[in-house]
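Below: target_21.csv (CSV, C-alpha atoms)
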chain,number,residue,atom,x,y,z
A,1,MET,CA,-51.5,-114.4,95.2
A,2,SER,CA,-52.2,-116.9,92.5
A,3,THR,CA,-50.1,-117.3,89.4
A,4,LEU,CA,-52.9,-116.2,87.1
A,5,THR,CA,-53.3,-112.9,88.9
A,6,LEU,CA,-49.6,-112.2,88.8
A,7,GLU,CA,-49.4,-112.8,85.1
A,8,LEU,CA,-52.3,-110.5,84.5
A,9,ILE,CA,-50.6,-107.7,86.4
A,10,LEU,CA,-47.4,-108.2,84.5
A,11,TRP,CA,-49.3,-108.1,81.1
A,12,MET,CA,-51.1,-104.9,82.2
A,13,LEU,CA,-47.8,-103.2,83.1
A,14,LEU,CA,-46.2,-104.3,79.8
A,15,ALA,CA,-49.2,-102.9,77.9
A,16,PHE,CA,-48.9,-99.6,79.8
A,17,PHE,CA,-45.2,-99.2,78.9
A,18,VAL,CA,-45.8,-100.2,75.3
A,19,GLY,CA,-48.6,-97.6,75.1
A,20,CYS,CA,-46.4,-94.9,76.5
A,21,ILE,CA,-43.7,-95.6,74.0
A,22,VAL,CA,-46.1,-95.7,71.1
A,23,GLY,CA,-47.8,-92.5,72.3
A,24,CYS,CA,-44.5,-90.7,72.4
A,25,ILE,CA,-43.6,-91.8,68.9
A,26,LEU,CA,-46.9,-90.7,67.5
A,27,TYR,CA,-46.7,-87.4,69.3
A,28,GLY,CA,-43.3,-86.7,67.8
A,29,ILE,CA,-44.5,-87.6,64.3
A,30,PHE,CA,-47.6,-85.4,64.5
A,31,GLU,CA,-45.7,-82.5,66.1
A,32,GLY,CA,-43.1,-82.5,63.4
A,33,MET,CA,-45.8,-82.5,60.7
A,34,ARG,CA,-47.5,-79.6,62.4
A,35,ARG,CA,-44.3,-77.5,62.5
A,36,ARG,CA,-43.5,-78.2,58.9
A,37,ALA,CA,-47.1,-77.1,57.9
A,38,LEU,CA,-46.7,-73.8,59.8
A,39,ALA,CA,-43.3,-73.2,58.2
A,40,MET,CA,-44.7,-73.8,54.7
A,41,ALA,CA,-47.6,-71.5,55.4
A,42,ALA,CA,-45.3,-68.7,56.7
A,43,ALA,CA,-43.1,-69.1,53.6
A,44,GLU,CA,-46.1,-68.8,51.3
A,45,ALA,CA,-47.3,-65.7,53.1
A,46,ALA,CA,-43.9,-63.9,52.8
A,47,PRO,CA,-43.4,-61.9,49.6
A,48,GLY,CA,-40.8,-63.1,47.2
A,49,PRO,CA,-38.3,-61.0,45.3
A,50,HIS,CA,-40.6,-60.8,42.3
A,51,GLN,CA,-43.4,-59.6,44.6
A,52,TRP,CA,-41.2,-56.7,45.9
A,53,VAL,CA,-40.4,-55.7,42.3
A,54,HIS,CA,-44.0,-55.8,41.4
A,55,SER,CA,-45.0,-53.7,44.4
A,56,ARG,CA,-42.3,-51.0,43.5
A,57,VAL,CA,-43.5,-50.9,39.9
A,58,GLU,CA,-47.2,-50.5,41.1
A,59,HIS,CA,-46.3,-47.6,43.4
A,60,ALA,CA,-43.8,-45.9,41.0
A,61,GLY,CA,-46.5,-44.0,39.3
A,62,THR,CA,-47.9,-42.5,42.5
A,63,GLU,CA,-44.6,-40.9,43.6
A,64,ALA,CA,-44.3,-37.1,42.9
A,65,PRO,CA,-41.8,-36.4,40.2
A,66,PRO,CA,-38.6,-34.5,41.2
A,67,PRO,CA,-38.7,-30.8,40.8
A,68,PRO,CA,-37.1,-29.4,37.7
A,69,ILE,CA,-33.4,-28.5,37.8
A,70,ALA,CA,-34.2,-24.7,37.5
A,71,ALA,CA,-36.6,-24.9,40.5
A,72,ARG,CA,-34.0,-26.6,42.6
A,73,LYS,CA,-31.3,-24.0,41.7
A,74,SER,CA,-33.8,-21.2,42.6
A,75,ALA,CA,-34.5,-22.8,46.0
A,76,LYS,CA,-30.8,-23.1,46.7
A,77,ALA,CA,-30.2,-19.5,45.8
A,78,ALA,CA,-33.2,-18.3,48.0
A,79,ALA,CA,-31.9,-20.2,51.0
A,80,PRO,CA,-29.1,-17.7,52.0
A,81,ALA,CA,-31.5,-14.8,51.5
A,82,LYS,CA,-34.1,-16.5,53.8
A,83,VAL,CA,-31.5,-17.1,56.5
A,84,ALA,CA,-30.3,-13.5,56.3
A,85,ALA,CA,-33.9,-12.2,56.5
A,86,GLU,CA,-34.6,-14.3,59.6
A,87,ALA,CA,-31.4,-13.1,61.2
A,88,GLU,CA,-32.4,-9.5,60.6
A,89,ALA,CA,-35.9,-10.1,61.9
A,90,ALA,CA,-34.6,-11.8,65.1
A,91,PRO,CA,-34.8,-9.5,68.2
A,92,GLU,CA,-31.5,-8.1,69.5
A,93,PRO,CA,-30.4,-10.0,72.6
A,94,GLN,CA,-30.9,-8.0,75.7
A,95,ALA,CA,-29.2,-8.4,79.1
A,96,PRO,CA,-31.4,-9.2,82.1
A,97,ALA,CA,-32.8,-6.2,83.9
A,98,VAL,CA,-30.8,-4.8,86.8
A,99,LYS,CA,-32.3,-5.5,90.2
A,100,PRO,CA,-34.2,-2.5,91.5
A,101,ALA,CA,-32.5,-0.2,94.0
A,102,THR,CA,-33.3,-0.6,97.7
A,103,GLY,CA,-32.6,3.1,98.4
A,104,LYS,CA,-29.2,2.3,100.0
A,105,PRO,CA,-26.5,3.2,97.6
A,106,ARG,CA,-23.3,1.2,98.2
A,107,PRO,CA,-20.0,1.1,96.3
A,108,PRO,CA,-19.3,-1.9,94.1
A,109,GLN,CA,-16.7,-4.4,95.2
A,110,GLY,CA,-13.4,-3.6,93.4
A,111,LEU,CA,-10.1,-5.3,93.2
A,112,SER,CA,-7.4,-4.3,95.7
A,113,ARG,CA,-4.8,-4.1,93.0
A,114,PRO,CA,-4.6,-4.1,89.2
A,115,PRO,CA,-4.8,-7.6,87.7
A,116,GLU,CA,-1.9,-9.1,85.7
A,117,GLY,CA,-2.2,-7.8,82.1
A,118,GLY,CA,-4.2,-4.7,83.1
A,119,GLY,CA,-7.7,-6.1,82.8
A,120,ASP,CA,-10.2,-5.5,80.1
A,121,LYS,CA,-10.3,-2.5,77.8
A,122,LEU,CA,-13.1,-0.6,79.4
A,123,GLN,CA,-12.9,2.1,76.8
A,124,ARG,CA,-14.8,-0.2,74.4
A,125,ILE,CA,-17.9,0.6,76.4
A,126,SER,CA,-19.6,3.5,74.7
A,127,GLY,CA,-19.3,6.5,77.0
A,128,VAL,CA,-16.1,5.3,78.8
A,129,GLY,CA,-13.1,7.4,77.7
A,130,PRO,CA,-9.6,7.4,79.0
A,131,ARG,CA,-10.4,9.7,82.0
A,132,ILE,CA,-13.4,7.6,83.1
A,133,GLU,CA,-11.4,4.4,82.6
A,134,ARG,CA,-8.7,5.7,85.0
A,135,THR,CA,-11.4,6.7,87.5
A,136,LEU,CA,-12.9,3.2,87.4
A,137,HIS,CA,-9.5,1.8,87.9
A,138,ARG,CA,-9.1,3.8,91.1
A,139,LEU,CA,-12.3,2.2,92.3
A,140,GLY,CA,-10.8,-1.2,91.5
A,141,ILE,CA,-13.0,-1.8,88.4
A,142,TYR,CA,-10.9,-3.5,85.7
A,143,HIS,CA,-13.1,-6.1,84.1
A,144,TYR,CA,-16.4,-6.1,82.0
A,145,GLU,CA,-17.6,-8.8,84.4
A,146,GLN,CA,-17.5,-6.4,87.3
A,147,ILE,CA,-19.6,-3.8,85.6
A,148,ALA,CA,-22.0,-6.5,84.2
A,149,GLY,CA,-22.7,-7.5,87.8
A,150,TRP,CA,-23.5,-4.1,89.2
A,151,THR,CA,-26.8,-3.9,91.1
A,152,ALA,CA,-29.0,-0.8,91.0
A,153,ASP,CA,-27.7,0.3,94.4
A,154,GLU,CA,-24.1,0.1,93.1
A,155,VAL,CA,-25.0,1.9,89.9
A,156,GLN,CA,-26.6,4.7,92.0
A,157,TRP,CA,-23.5,5.0,94.2
A,158,VAL,CA,-21.1,5.2,91.2
A,159,ASP,CA,-23.4,7.7,89.5
A,160,GLU,CA,-23.6,9.9,92.5
A,161,HIS,CA,-20.0,9.5,93.6
A,162,LEU,CA,-18.6,10.3,90.1
A,163,GLU,CA,-21.4,12.8,89.2
A,164,PHE,CA,-22.2,10.9,86.0
A,165,ARG,CA,-25.8,12.3,86.1
A,166,GLY,CA,-27.4,9.0,85.0
A,167,ARG,CA,-25.1,8.3,82.1
A,168,ILE,CA,-24.5,4.7,83.2
A,169,ALA,CA,-28.2,3.8,82.6
A,170,ARG,CA,-28.5,6.2,79.7
A,171,GLU,CA,-25.5,4.7,77.8
A,172,GLU,CA,-26.4,1.1,78.9
A,173,TRP,CA,-23.0,0.3,80.4
A,174,ILE,CA,-24.3,-2.9,82.0
A,175,VAL,CA,-25.8,-4.2,78.8
A,176,GLN,CA,-22.6,-3.4,76.9
A,177,ALA,CA,-20.4,-5.0,79.6
A,178,ARG,CA,-22.5,-8.2,79.6
A,179,LEU,CA,-22.2,-8.5,75.9
A,180,LEU,CA,-18.5,-7.9,76.0
A,181,HIS,CA,-18.0,-10.3,78.9
A,182,GLY,CA,-20.0,-13.0,77.2
A,183,GLY,CA,-18.0,-12.6,74.0
A,184,ASP,CA,-21.0,-11.7,71.8
A,185,GLU,CA,-19.1,-9.4,69.5
A,186,GLU,CA,-21.7,-9.6,66.8
A,187,ALA,CA,-24.6,-8.4,69.0
A,188,PHE,CA,-22.4,-5.8,70.6
A,189,THR,CA,-21.2,-4.4,67.2
A,190,ARG,CA,-24.8,-4.4,65.9
A,191,GLN,CA,-26.1,-2.4,68.8
A,192,PHE,CA,-23.2,-0.3,70.0
A,193,GLY,CA,-20.7,-0.3,67.2
A,194,SER,CA,-17.1,-1.6,67.2
A,195,GLY,CA,-16.3,0.0,70.6
A,196,GLY,CA,-13.5,2.0,69.2
A,197,LEU,CA,-11.8,-0.9,67.4
A,198,ALA,CA,-10.9,0.0,63.8
A,199,ASP,CA,-11.0,-2.4,60.9
A,200,LYS,CA,-8.2,-3.0,58.4
A,201,SER,CA,-9.1,0.3,56.6
A,202,GLY,CA,-8.8,2.3,59.9
A,203,LYS,CA,-12.5,2.9,60.2
A,204,THR,CA,-14.7,2.3,63.3
A,205,ARG,CA,-18.3,1.2,63.1
A,206,SER,CA,-21.3,2.7,64.8
A,207,GLY,CA,-24.3,0.6,66.1
A,208,SER,CA,-28.0,1.0,66.0
A,209,HIS,CA,-28.1,2.6,69.5
A,210,THR,CA,-27.4,6.3,69.9
A,211,ARG,CA,-23.9,6.8,71.1
A,212,ARG,CA,-23.8,9.7,73.6
A,213,GLY,CA,-20.6,11.3,74.8

Mind converting the file's structure to C-alpha coordinates?
Amino acid sequence: MSTLTLELILWMLLAFFVGCIVGCILYGIFEGMRRRALAMAAAEAAPGPHQWVHSRVEHAGTEAPPPPIAARKSAKAAAPAKVAAEAEAAPEPQAPAVKPATGKPRPPQGLSRPPEGGGDKLQRISGVGPRIERTLHRLGIYHYEQIAGWTADEVQWVDEHLEFRGRIAREEWIVQARLLHGGDEEAFTRQFGSGGLADKSGKTRSGSHTRRG
(Lines of atoms letter the chains of each structure in order from A and count residues from 1; the text may use other names and numbers.)
(Lines give C-alpha, C1' and ligand atoms only; values in the text may rest on other atoms or scores of the structure.)
Protein backbone atom coordinates (compact mmCIF):
# COMPACT_ATOMS: atom_id res chain seq x y z
CA MET A 1 0.00 0.00 0.00
CA SER A 2 1.37 3.38 -0.98
CA THR A 3 1.99 6.17 1.46
CA LEU A 4 -0.60 8.41 -0.27
CA THR A 5 -3.34 5.82 0.18
CA LEU A 6 -2.50 5.33 3.85
CA GLU A 7 -2.62 9.06 4.51
CA LEU A 8 -5.98 9.31 2.77
CA ILE A 9 -7.43 6.57 4.97
CA LEU A 10 -6.12 8.23 8.12
CA TRP A 11 -7.64 11.58 7.09
CA MET A 12 -10.99 9.89 6.43
CA LEU A 13 -10.98 8.24 9.86
CA LEU A 14 -10.08 11.52 11.50
CA ALA A 15 -12.88 13.29 9.66
CA PHE A 16 -15.33 10.56 10.74
CA PHE A 17 -14.44 10.90 14.44
CA VAL A 18 -14.52 14.67 14.29
CA GLY A 19 -17.97 14.48 12.63
CA CYS A 20 -19.27 12.17 15.37
CA ILE A 21 -18.06 14.52 18.10
CA VAL A 22 -19.53 17.59 16.42
CA GLY A 23 -22.84 15.74 15.83
CA CYS A 24 -23.11 14.77 19.48
CA ILE A 25 -22.45 18.33 20.61
CA LEU A 26 -25.05 19.76 18.22
CA TYR A 27 -27.61 17.12 19.26
CA GLY A 28 -27.15 18.00 22.92
CA ILE A 29 -27.57 21.72 22.18
CA PHE A 30 -30.75 21.30 20.12
CA GLU A 31 -32.24 18.76 22.57
CA GLY A 32 -31.73 21.16 25.47
CA MET A 33 -33.36 23.97 23.51
CA ARG A 34 -36.33 21.75 22.67
CA ARG A 35 -36.88 20.73 26.29
CA ARG A 36 -36.69 24.34 27.49
CA ALA A 37 -39.23 25.35 24.86
CA LEU A 38 -41.63 22.59 26.01
CA ALA A 39 -41.22 23.61 29.65
CA MET A 40 -41.95 27.25 28.84
CA ALA A 41 -45.06 26.27 26.86
CA ALA A 42 -46.36 24.12 29.74
CA ALA A 43 -45.74 26.93 32.23
CA GLU A 44 -47.66 29.38 30.08
CA ALA A 45 -50.58 26.96 29.72
CA ALA A 46 -50.90 26.36 33.51
CA PRO A 47 -53.18 28.88 35.30
CA GLY A 48 -51.47 31.18 37.71
CA PRO A 49 -52.77 32.25 41.13
CA HIS A 50 -54.52 35.28 39.68
CA GLN A 51 -56.28 33.08 37.13
CA TRP A 52 -57.65 30.84 39.90
CA VAL A 53 -58.98 33.88 41.74
CA HIS A 54 -60.53 35.20 38.56
CA SER A 55 -62.20 31.83 37.89
CA ARG A 56 -63.68 31.68 41.40
CA VAL A 57 -65.01 35.22 41.05
CA GLU A 58 -66.60 34.41 37.69
CA HIS A 59 -68.39 31.32 39.08
CA ALA A 60 -69.33 32.85 42.40
CA GLY A 61 -72.50 34.31 40.94
CA THR A 62 -73.67 30.94 39.58
CA GLU A 63 -73.66 29.10 42.95
CA ALA A 64 -76.99 28.73 44.72
CA PRO A 65 -77.24 30.93 47.83
CA PRO A 66 -77.42 29.07 51.16
CA PRO A 67 -80.94 28.53 52.52
CA PRO A 68 -82.19 30.97 55.13
CA ILE A 69 -81.51 30.19 58.77
CA ALA A 70 -85.22 29.60 59.44
CA ALA A 71 -85.42 27.04 56.63
CA ARG A 72 -82.37 25.19 57.95
CA LYS A 73 -83.85 25.04 61.46
CA SER A 74 -87.15 23.77 60.05
CA ALA A 75 -85.35 21.01 58.12
CA LYS A 76 -83.45 19.94 61.26
CA ALA A 77 -86.67 19.83 63.28
CA ALA A 78 -88.40 17.75 60.60
CA ALA A 79 -85.58 15.18 60.43
CA PRO A 80 -86.48 13.27 63.68
CA ALA A 81 -90.16 13.20 62.67
CA LYS A 82 -89.23 11.77 59.28
CA VAL A 83 -87.09 9.06 60.88
CA ALA A 84 -89.90 8.16 63.28
CA ALA A 85 -92.42 7.99 60.42
CA GLU A 86 -90.12 5.70 58.43
CA ALA A 87 -89.65 3.45 61.46
CA GLU A 88 -93.42 3.15 61.93
CA ALA A 89 -93.96 2.45 58.25
CA ALA A 90 -91.29 -0.27 58.20
CA PRO A 91 -92.79 -3.78 58.26
CA GLU A 92 -92.48 -5.79 61.44
CA PRO A 93 -89.69 -8.38 61.22
CA GLN A 94 -91.06 -11.85 60.85
CA ALA A 95 -89.29 -15.11 61.56
CA PRO A 96 -88.81 -17.55 58.68
CA ALA A 97 -91.67 -19.95 58.08
CA VAL A 98 -91.61 -23.30 59.83
CA LYS A 99 -90.84 -26.24 57.58
CA PRO A 100 -94.02 -28.10 56.61
CA ALA A 101 -94.88 -31.26 58.47
CA THR A 102 -94.07 -34.62 56.91
CA GLY A 103 -96.93 -36.37 58.69
CA LYS A 104 -94.62 -38.07 61.19
CA PRO A 105 -94.76 -36.20 64.51
CA ARG A 106 -91.63 -36.60 66.59
CA PRO A 107 -90.61 -35.15 69.94
CA PRO A 108 -88.16 -32.27 69.93
CA GLN A 109 -84.66 -32.94 71.19
CA GLY A 110 -84.43 -31.83 74.81
CA LEU A 111 -81.63 -31.50 77.31
CA SER A 112 -80.94 -34.46 79.56
CA ARG A 113 -80.57 -32.20 82.60
CA PRO A 114 -81.26 -28.58 83.51
CA PRO A 115 -78.53 -26.16 82.40
CA GLU A 116 -76.55 -24.11 84.86
CA GLY A 117 -78.54 -21.02 85.75
CA GLY A 118 -81.87 -22.64 84.89
CA GLY A 119 -82.02 -21.59 81.23
CA ASP A 120 -84.18 -18.83 79.73
CA LYS A 121 -87.35 -17.42 81.21
CA LEU A 122 -89.83 -19.24 78.98
CA GLN A 123 -92.76 -17.45 80.61
CA ARG A 124 -91.85 -14.38 78.59
CA ILE A 125 -93.40 -16.16 75.61
CA SER A 126 -97.02 -15.11 75.41
CA GLY A 127 -99.13 -18.16 76.27
CA VAL A 128 -96.49 -19.86 78.46
CA GLY A 129 -97.35 -19.72 82.14
CA PRO A 130 -95.71 -21.35 85.15
CA ARG A 131 -97.47 -24.70 84.59
CA ILE A 132 -96.57 -24.91 80.91
CA GLU A 133 -93.01 -23.82 81.66
CA ARG A 134 -92.63 -26.71 84.12
CA THR A 135 -94.08 -29.08 81.51
CA LEU A 136 -91.57 -27.87 78.93
CA HIS A 137 -88.77 -28.35 81.44
CA ARG A 138 -89.84 -32.00 81.85
CA LEU A 139 -89.39 -32.36 78.09
CA GLY A 140 -85.87 -30.87 78.38
CA ILE A 141 -86.88 -27.52 76.87
CA TYR A 142 -85.09 -24.69 78.70
CA HIS A 143 -84.00 -22.20 76.03
CA TYR A 144 -85.63 -19.90 73.47
CA GLU A 145 -83.25 -21.35 70.89
CA GLN A 146 -84.77 -24.82 71.29
CA ILE A 147 -88.33 -23.59 70.64
CA ALA A 148 -87.13 -21.33 67.81
CA GLY A 149 -85.73 -24.38 66.04
CA TRP A 150 -88.82 -26.59 66.26
CA THR A 151 -89.94 -28.14 62.99
CA ALA A 152 -93.58 -28.57 62.04
CA ASP A 153 -93.37 -32.26 63.02
CA GLU A 154 -92.01 -31.36 66.45
CA VAL A 155 -94.68 -28.69 66.92
CA GLN A 156 -97.33 -31.27 66.04
CA TRP A 157 -95.89 -33.76 68.52
CA VAL A 158 -95.77 -31.23 71.39
CA ASP A 159 -99.24 -29.96 70.54
CA GLU A 160 -100.74 -33.46 70.54
CA HIS A 161 -98.70 -34.76 73.48
CA LEU A 162 -99.59 -31.84 75.74
CA GLU A 163 -103.08 -31.31 74.27
CA PHE A 164 -102.39 -27.66 73.44
CA ARG A 165 -104.99 -27.75 70.67
CA GLY A 166 -102.99 -25.60 68.26
CA ARG A 167 -101.98 -22.88 70.70
CA ILE A 168 -98.29 -23.10 69.69
CA ALA A 169 -99.10 -21.87 66.18
CA ARG A 170 -101.98 -19.67 67.31
CA GLU A 171 -99.84 -17.81 69.84
CA GLU A 172 -96.77 -17.79 67.56
CA TRP A 173 -94.40 -19.37 70.03
CA ILE A 174 -91.70 -19.92 67.41
CA VAL A 175 -91.83 -16.31 66.21
CA GLN A 176 -91.59 -15.09 69.81
CA ALA A 177 -88.76 -17.49 70.66
CA ARG A 178 -86.75 -16.41 67.62
CA LEU A 179 -87.10 -12.74 68.50
CA LEU A 180 -86.13 -13.38 72.12
CA HIS A 181 -83.23 -15.63 71.16
CA GLY A 182 -81.98 -13.03 68.68
CA GLY A 183 -82.18 -10.30 71.33
CA ASP A 184 -84.58 -8.15 69.27
CA GLU A 185 -86.41 -6.76 72.30
CA GLU A 186 -87.79 -3.79 70.37
CA ALA A 187 -89.57 -5.94 67.77
CA PHE A 188 -90.72 -8.43 70.41
CA THR A 189 -92.19 -5.70 72.62
CA ARG A 190 -93.86 -4.01 69.66
CA GLN A 191 -95.57 -7.23 68.58
CA PHE A 192 -96.07 -9.24 71.77
CA GLY A 193 -95.63 -6.77 74.61
CA SER A 194 -93.05 -6.82 77.38
CA GLY A 195 -93.45 -10.54 78.01
CA GLY A 196 -94.44 -10.09 81.62
CA LEU A 197 -91.57 -7.74 82.42
CA ALA A 198 -92.73 -4.67 84.35
CA ASP A 199 -91.25 -1.21 83.92
CA LYS A 200 -90.14 1.08 86.75
CA SER A 201 -93.76 1.98 87.50
CA GLY A 202 -94.69 -1.72 87.82
CA LYS A 203 -96.71 -1.83 84.60
CA THR A 204 -96.41 -4.35 81.78
CA ARG A 205 -96.82 -3.49 78.12
CA SER A 206 -99.02 -5.23 75.57
CA GLY A 207 -98.12 -5.58 71.89
CA SER A 208 -99.93 -5.21 68.60
CA HIS A 209 -100.69 -8.94 68.37
CA THR A 210 -103.61 -10.42 70.25
CA ARG A 211 -102.45 -12.14 73.41
CA ARG A 212 -104.47 -15.27 74.03
CA GLY A 213 -104.41 -17.20 77.27

Task: Closest of A:Glu31, A:Asp120, A:Glu172, A:Asp184 to Val155 (chain A) - atom-to-atom distances counting all atoms listed in the file - done: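 Using all atoms listed in the file, Val155 (chain A) sits closest to A:Glu172.
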
Task: Pairwise distance for CA of Gln156 (chain A) and CA of Lys104 (chain A), rounded to one decimal in Å - done: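 A separation of 8.7 Å between them.
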
TODO: May I ask which of the residues A:Phe192, A:Trp157, A:Ala169, A:Ala152 is the closest one to Ile125 (chain A), counting only C-alpha atoms?
DONE: A:Phe192

Open item on the list: I'd like to know which of A:Gly166, A:Pro108, A:Gly195, A:Gly140 is closest to Gln123 (chain A), using only C-alpha atoms.
Closed with: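 Under the stated criterion, the closest residue is A:Gly195.
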
- [ ] For Gly117 (chain A), please output as number ranges by chain all residues within 12 Å (counting all atoms listed in the file; exclusion window: fewer than 3 positions along the same chain).
- [x] A: 113-114, 120-121, 142-143

Mind giving me the axis-aligned box for region 179-190 of chain A with 6 Å on every side, centre plus edges in Å to one decimal, as AutoDock Vina command-line options?
--center_x -21.4 --center_y -8.7 --center_z 72.4 --size_x 18.8 --size_y 20.6 --size_z 25.0

Task: Length of the CA of Asp153 (chain A) to CA of Arg170 (chain A) vector [Å] - done: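 For CA of Asp153 (chain A) relative to CA of Arg170 (chain A), the distance reads 15.9 Å.
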
- [ ] For CA of Leu179 (chain A) and CA of Leu162 (chain A), quote the distance in Å rounded to one decimal.
- [x]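 Pair CA of Leu179 (chain A) / CA of Leu162 (chain A) returns 23.8 Å.
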
Task: Proximity to Leu136 (chain A) - best of A:Gly182, A:Gly28, A:Gly110, A:Pro115, all atoms listed in the file - done: A:Gly110

Task: 9 Å contact set for Trp150 (chain A), all atoms listed in the file, chain neighbours under 3 positions out, as a PyMOL selection string - done: chain A and resi 98-99+108+145-147+153-155+174

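Counting all atoms listed in the file and comparing A:Gly127, A:Ala177, A:Gly32, A:Glu186, the residue that lies closest to Phe164 (chain A) is A:Gly127.
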